[in-house]
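Below is coords.txt, which holds compact mmCIF, C-alpha atoms.
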# COMPACT_ATOMS: atom_id res chain seq x y z
CA MET A 1 -65.90 9.92 -16.98
CA GLN A 2 -67.50 11.16 -20.16
CA LEU A 3 -71.23 11.60 -20.47
CA SER A 4 -73.23 10.86 -23.59
CA LEU A 5 -76.08 12.96 -24.93
CA MET A 6 -77.43 10.11 -27.00
CA ASN A 7 -77.88 6.44 -26.16
CA GLU A 8 -77.33 5.58 -29.80
CA SER A 9 -75.26 6.93 -32.65
CA VAL A 10 -76.35 10.16 -34.31
CA ARG A 11 -77.88 9.54 -37.71
CA GLU A 12 -79.96 11.49 -40.16
CA ASP A 13 -83.20 10.17 -38.65
CA ASN A 14 -82.36 11.46 -35.14
CA TYR A 15 -80.67 14.79 -36.00
CA GLY A 16 -83.62 16.68 -34.50
CA GLU A 17 -83.36 14.84 -31.20
CA TYR A 18 -79.63 15.53 -30.99
CA ILE A 19 -80.14 19.22 -31.80
CA ASP A 20 -82.75 19.45 -29.01
CA LYS A 21 -80.32 17.90 -26.53
CA ILE A 22 -77.57 20.36 -27.49
CA ILE A 23 -79.98 23.29 -27.12
CA ASN A 24 -81.09 21.97 -23.72
CA ILE A 25 -77.46 21.89 -22.54
CA PHE A 26 -77.12 25.57 -23.52
CA ARG A 27 -80.38 26.37 -21.71
CA LEU A 28 -78.72 25.17 -18.49
CA SER A 29 -76.03 27.81 -18.90
CA SER A 30 -75.22 30.15 -16.03
CA LYS A 31 -72.63 32.75 -15.12
CA ASN A 32 -70.89 30.10 -12.97
CA SER A 33 -69.92 27.82 -15.84
CA SER A 34 -69.06 27.94 -19.52
CA ILE A 35 -70.32 25.62 -22.21
CA LEU A 36 -67.91 24.90 -25.03
CA PHE A 37 -69.34 23.44 -28.23
CA ARG A 38 -66.87 22.77 -31.03
CA LEU A 39 -67.80 21.16 -34.30
CA LYS A 40 -64.74 20.52 -36.46
CA ILE A 41 -65.12 19.51 -40.09
CA VAL A 42 -62.25 17.65 -41.72
CA GLN A 43 -62.94 16.48 -45.26
CA ASP A 44 -66.13 14.42 -45.05
CA ARG A 45 -66.23 14.01 -41.23
CA ALA A 46 -67.58 16.28 -38.53
CA THR A 47 -66.46 15.78 -34.93
CA ILE A 48 -68.43 17.40 -32.12
CA LYS A 49 -66.82 18.10 -28.76
CA LEU A 50 -69.06 19.41 -25.97
CA SER A 51 -67.97 20.27 -22.46
CA ILE A 52 -69.02 22.34 -19.47
CA ILE A 53 -66.33 24.02 -17.39
CA ASN A 54 -67.21 25.59 -14.04
CA GLN A 55 -65.40 28.46 -12.32
CA SER A 56 -63.21 26.14 -10.25
CA GLY A 57 -61.90 24.57 -13.47
CA ALA A 58 -63.71 21.27 -13.09
CA SER A 59 -64.82 19.95 -16.45
CA GLN A 60 -67.76 17.81 -17.46
CA GLU A 61 -67.11 16.38 -20.91
CA TYR A 62 -69.52 14.64 -23.21
CA SER A 63 -68.29 11.88 -25.45
CA ASP A 64 -67.27 13.01 -28.93
CA VAL A 65 -69.73 12.50 -31.74
CA VAL A 66 -68.48 11.78 -35.24
CA MET A 67 -70.83 12.31 -38.15
CA ASN A 68 -70.63 12.08 -41.93
CA CYS A 69 -70.43 15.53 -43.43
CA ASP A 70 -72.45 15.73 -46.64
CA THR A 71 -75.22 17.83 -48.15
CA ILE A 72 -77.83 16.21 -45.92
CA PHE A 73 -75.68 17.02 -42.87
CA TYR A 74 -75.57 20.71 -43.83
CA GLN A 75 -79.27 20.99 -44.64
CA SER A 76 -80.74 18.74 -41.95
CA PHE A 77 -78.33 19.24 -39.05
CA LEU A 78 -75.97 22.18 -39.30
CA ILE A 79 -78.36 24.89 -40.50
CA PRO A 80 -81.21 23.87 -38.13
CA LEU A 81 -78.75 23.66 -35.20
CA VAL A 82 -77.41 27.16 -35.81
CA GLU A 83 -80.87 28.64 -36.38
CA GLN A 84 -82.33 27.02 -33.24
CA MET A 85 -79.37 28.17 -31.16
CA ASN A 86 -79.89 31.69 -32.44
CA GLU A 87 -83.65 31.62 -31.78
CA THR A 88 -83.50 29.94 -28.37
CA ILE A 89 -80.34 31.24 -26.69
CA THR A 90 -79.37 34.90 -26.27
CA ILE A 91 -76.37 35.39 -28.54
CA ASN A 92 -74.13 38.43 -28.04
CA VAL A 93 -71.52 37.85 -30.75
CA LYS A 94 -71.82 36.17 -34.15
CA ASP A 95 -69.01 36.21 -36.64
CA ILE A 96 -66.78 34.25 -38.98
CA VAL A 97 -63.02 34.23 -38.70
CA ASN A 98 -60.04 32.60 -40.34
CA LEU A 99 -58.03 31.59 -37.31
CA ASP A 100 -55.13 29.79 -38.96
CA GLY A 101 -54.75 31.62 -42.27
CA ASP A 102 -55.85 28.73 -44.47
CA SER A 103 -58.86 28.65 -46.80
CA LEU A 104 -61.17 27.35 -44.05
CA TYR A 105 -63.23 29.54 -41.76
CA THR A 106 -64.78 29.29 -38.32
CA PHE A 107 -68.35 30.34 -37.55
CA ARG A 108 -68.63 31.53 -33.94
CA MET A 109 -71.39 32.51 -31.55
CA VAL A 110 -70.84 33.70 -27.98
CA THR A 111 -73.83 33.66 -25.61
CA GLU A 112 -74.76 36.13 -22.89
CA ASN A 113 -73.14 33.77 -20.32
CA ASN A 114 -69.89 33.59 -22.35
CA ASP A 115 -70.57 30.13 -23.71
CA LEU A 116 -68.75 29.41 -26.96
CA PHE A 117 -70.30 27.73 -29.99
CA THR A 118 -67.93 27.18 -32.94
CA ILE A 119 -68.04 25.39 -36.25
CA ASP A 120 -64.55 25.05 -37.72
CA GLY A 121 -63.48 23.89 -41.16
CA LEU A 122 -66.10 25.69 -43.26
CA SER A 123 -65.56 27.24 -46.67
CA TYR A 124 -66.01 31.01 -46.72
CA ASP A 125 -69.33 30.60 -48.55
CA ASP A 126 -70.68 28.07 -46.04
CA ALA A 127 -69.57 30.17 -43.04
CA ASN A 128 -71.02 33.33 -44.56
CA HIS A 129 -74.27 31.49 -45.37
CA LEU A 130 -74.65 30.49 -41.70
CA LEU A 131 -73.96 34.06 -40.60
CA GLU A 132 -76.53 35.39 -43.07
CA ARG A 133 -79.09 32.87 -41.80
CA VAL A 134 -78.73 33.97 -38.17
CA ASN A 135 -78.69 37.66 -39.11
CA LYS A 136 -81.82 37.14 -41.23
CA THR A 137 -83.53 35.50 -38.27
CA ILE A 138 -82.71 38.56 -36.15
CA GLU A 139 -84.22 40.89 -38.74
CA GLU A 140 -87.38 38.77 -38.88
CA LYS A 141 -87.70 38.86 -35.07
CA LYS A 142 -87.35 42.65 -34.82
CA PRO A 143 -90.63 44.30 -33.84
CA LEU A 144 -92.17 46.76 -36.21
CA ILE A 145 -91.30 50.30 -35.22
CA VAL A 146 -94.45 52.32 -34.75
CA PRO A 147 -94.04 55.98 -35.62
CA ASN A 148 -93.65 58.15 -32.57
CA ASN A 149 -96.74 60.32 -32.19
CA GLU A 150 -95.32 62.46 -29.40
CA GLY A 151 -95.86 66.12 -30.09
CA LYS A 152 -98.77 65.70 -32.53
CA GLY A 153 -101.35 66.04 -29.76
CA ASN A 154 -99.56 69.06 -28.36
CA PHE A 155 -99.55 70.68 -31.81
CA TRP A 156 -103.32 70.21 -32.24
CA ILE A 157 -104.02 71.51 -28.73
CA PHE A 158 -101.88 74.55 -29.50
CA LEU A 159 -103.88 75.20 -32.71
CA LEU A 160 -107.17 74.77 -30.78
CA MET A 161 -106.02 77.28 -28.17
CA ILE A 162 -105.14 79.80 -30.90
CA ALA A 163 -108.55 79.27 -32.52
CA ILE A 164 -110.30 79.79 -29.15
CA PHE A 165 -108.31 83.00 -28.57
CA VAL A 166 -109.17 84.27 -32.07
CA VAL A 167 -112.89 83.50 -31.57
CA ALA A 168 -112.82 85.05 -28.08
CA PHE A 169 -111.05 88.13 -29.45
CA ILE A 170 -113.63 88.50 -32.24
CA VAL A 171 -116.51 88.09 -29.78
CA PHE A 172 -114.89 90.60 -27.39
CA ILE A 173 -114.42 93.20 -30.16
CA SER A 174 -117.97 92.71 -31.52
CA PHE A 175 -119.50 93.47 -28.06
CA LYS A 176 -117.52 96.70 -27.64
Go ahead and express the file in the form of structure tokens.
Amino acid sequence: MQLSLMNESVREDNYGEYIDKIINIFRLSSKNSSILFRLKIVQDRATIKLSIINQSGASQEYSDVVMNCDTIFYQSFLIPLVEQMNETITINVKDIVNLDGDSLYTFRMVTENNDLFTIDGLSYDDANHLLERVNKTIEEKKPLIVPNNEGKGNFWIFLLMIAIFVVAFIVFISFK
């Protein structure tokens, strides 16, 4: 039996809701199961396959979702989905590969629990753009590195001690 994430078809006006449901599935991830998300683009159609496989091999599959693949799809669904995955889920590997030697590329992300998120059928420019977006998000999330002040206090204390010894030496010699 296949489960459905949405009670209705996925359209432009409910992209955000569908993205949230996908992210929530990945939030349920554990070391005992693997989530496989595969979005395959063929011409002007995108087909999404989502399943959860546990260690015993039992599979829980969600019904496939077919969407029109146009400029709105890229801007309103694909880019926000990838960015939210990257911001919400701990991703260990992000890359683009050409698995079958054609002119189409696959964007991949592997989570800390070994879940797999792939988008197949992208042009090199589109795949690279997604990779740049997630790498940019990482750079924006990095904390500012505060200069390390270790040793500066020790240096000033050392100079103060030398000054005290010089003053003490001068006072000692002047009383002789």
Closest atom pairs, residues of stretch 79-175 of chain A within 9 Å of stretch 14-32 of chain A, all atoms listed in the file, as CSV:
residue,atom,partner,partner_atom,distance
A:Pro80,CA,A:Ile19,CA,7.9
A:Leu81,CA,A:Ile19,CA,5.8
A:Gln84,CA,A:Ile23,CA,7.5
A:Met85,CA,A:Ile23,CA,6.4
A:Thr88,CA,A:Ile23,CA,7.6
A:Ile89,CA,A:Arg27,CA,7.0
A:Thr111,CA,A:Phe26,CA,9.0
A:Glu112,CA,A:Lys31,CA,8.7
A:Asn113,CA,A:Lys31,CA,5.3
A:Asn114,CA,A:Lys31,CA,7.8
A:Asp115,CA,A:Ser29,CA,7.6
Within 8 Å of stretch 127-138 of chain A, counting all atoms listed in the file, which residues show up once you throw out same-chain ones fewer than 3 positions away? Write them as a PDB file with C-alpha atoms, in the coordinates of the input, please.
ATOM      1  CA  ILE A  79     -78.360  24.890 -40.500  1.00  0.00           C
ATOM      2  CA  VAL A  82     -77.410  27.160 -35.810  1.00  0.00           C
ATOM      3  CA  GLU A  83     -80.870  28.640 -36.380  1.00  0.00           C
ATOM      4  CA  ASN A  86     -79.890  31.690 -32.440  1.00  0.00           C
ATOM      5  CA  GLU A  87     -83.650  31.620 -31.780  1.00  0.00           C
ATOM      6  CA  LYS A  94     -71.820  36.170 -34.150  1.00  0.00           C
ATOM      7  CA  ASP A  95     -69.010  36.210 -36.640  1.00  0.00           C
ATOM      8  CA  ILE A  96     -66.780  34.250 -38.980  1.00  0.00           C
ATOM      9  CA  TYR A 105     -63.230  29.540 -41.760  1.00  0.00           C
ATOM     10  CA  THR A 106     -64.780  29.290 -38.320  1.00  0.00           C
ATOM     11  CA  PHE A 107     -68.350  30.340 -37.550  1.00  0.00           C
ATOM     12  CA  LEU A 122     -66.100  25.690 -43.260  1.00  0.00           C
ATOM     13  CA  SER A 123     -65.560  27.240 -46.670  1.00  0.00           C
ATOM     14  CA  TYR A 124     -66.010  31.010 -46.720  1.00  0.00           C
ATOM     15  CA  LYS A 141     -87.700  38.860 -35.070  1.00  0.00           C
ATOM     16  CA  LYS A 142     -87.350  42.650 -34.820  1.00  0.00           C
TER      17      LYS A 142
END
query: atom CA of A:Arg11 to atom CA of A:Leu104: how many Å, to one decimal?
result: 25.2 Å
field: For atom CA of A:Lys49 and atom CA of A:Val10, the interatomic separation in Å (one decimal)
entry: 13.6 Å
field: Selected residue of minimal separation from A:Lys40 among A:Gln75, A:Asn98, A:Thr118, A:Asn154, counting all atoms listed in the file
entry: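 Smallest distance to A:Lys40 is found for A:Thr118.
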Quick one: 3 Å padding each side, axis-aligned, all listed atoms of stretch 91-110 of chain A - centre and edge lengths in Å to one decimal, as lines of an AutoDock Vina configuration file?
center_x = -65.6
center_y = 32.9
center_z = -37.4
size_x = 27.6
size_y = 17.1
size_z = 24.8
query: At what distance in Å, to one decimal, does atom CA of A:Met109 lie from atom CA of A:Gln60?
result: 20.7 Å
field: Best match for closeness to A:Glu61 among A:Leu36, A:Ile170, A:Val42, A:Ile157, counting all atoms listed in the file
entry: A:Leu36
Selected residue of minimal separation from A:Ser51 among A:Phe77, A:Val97, A:Leu116, A:Leu160, counting all atoms listed in the file: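 Closest residue, counting all atoms listed in the file: A:Leu116.
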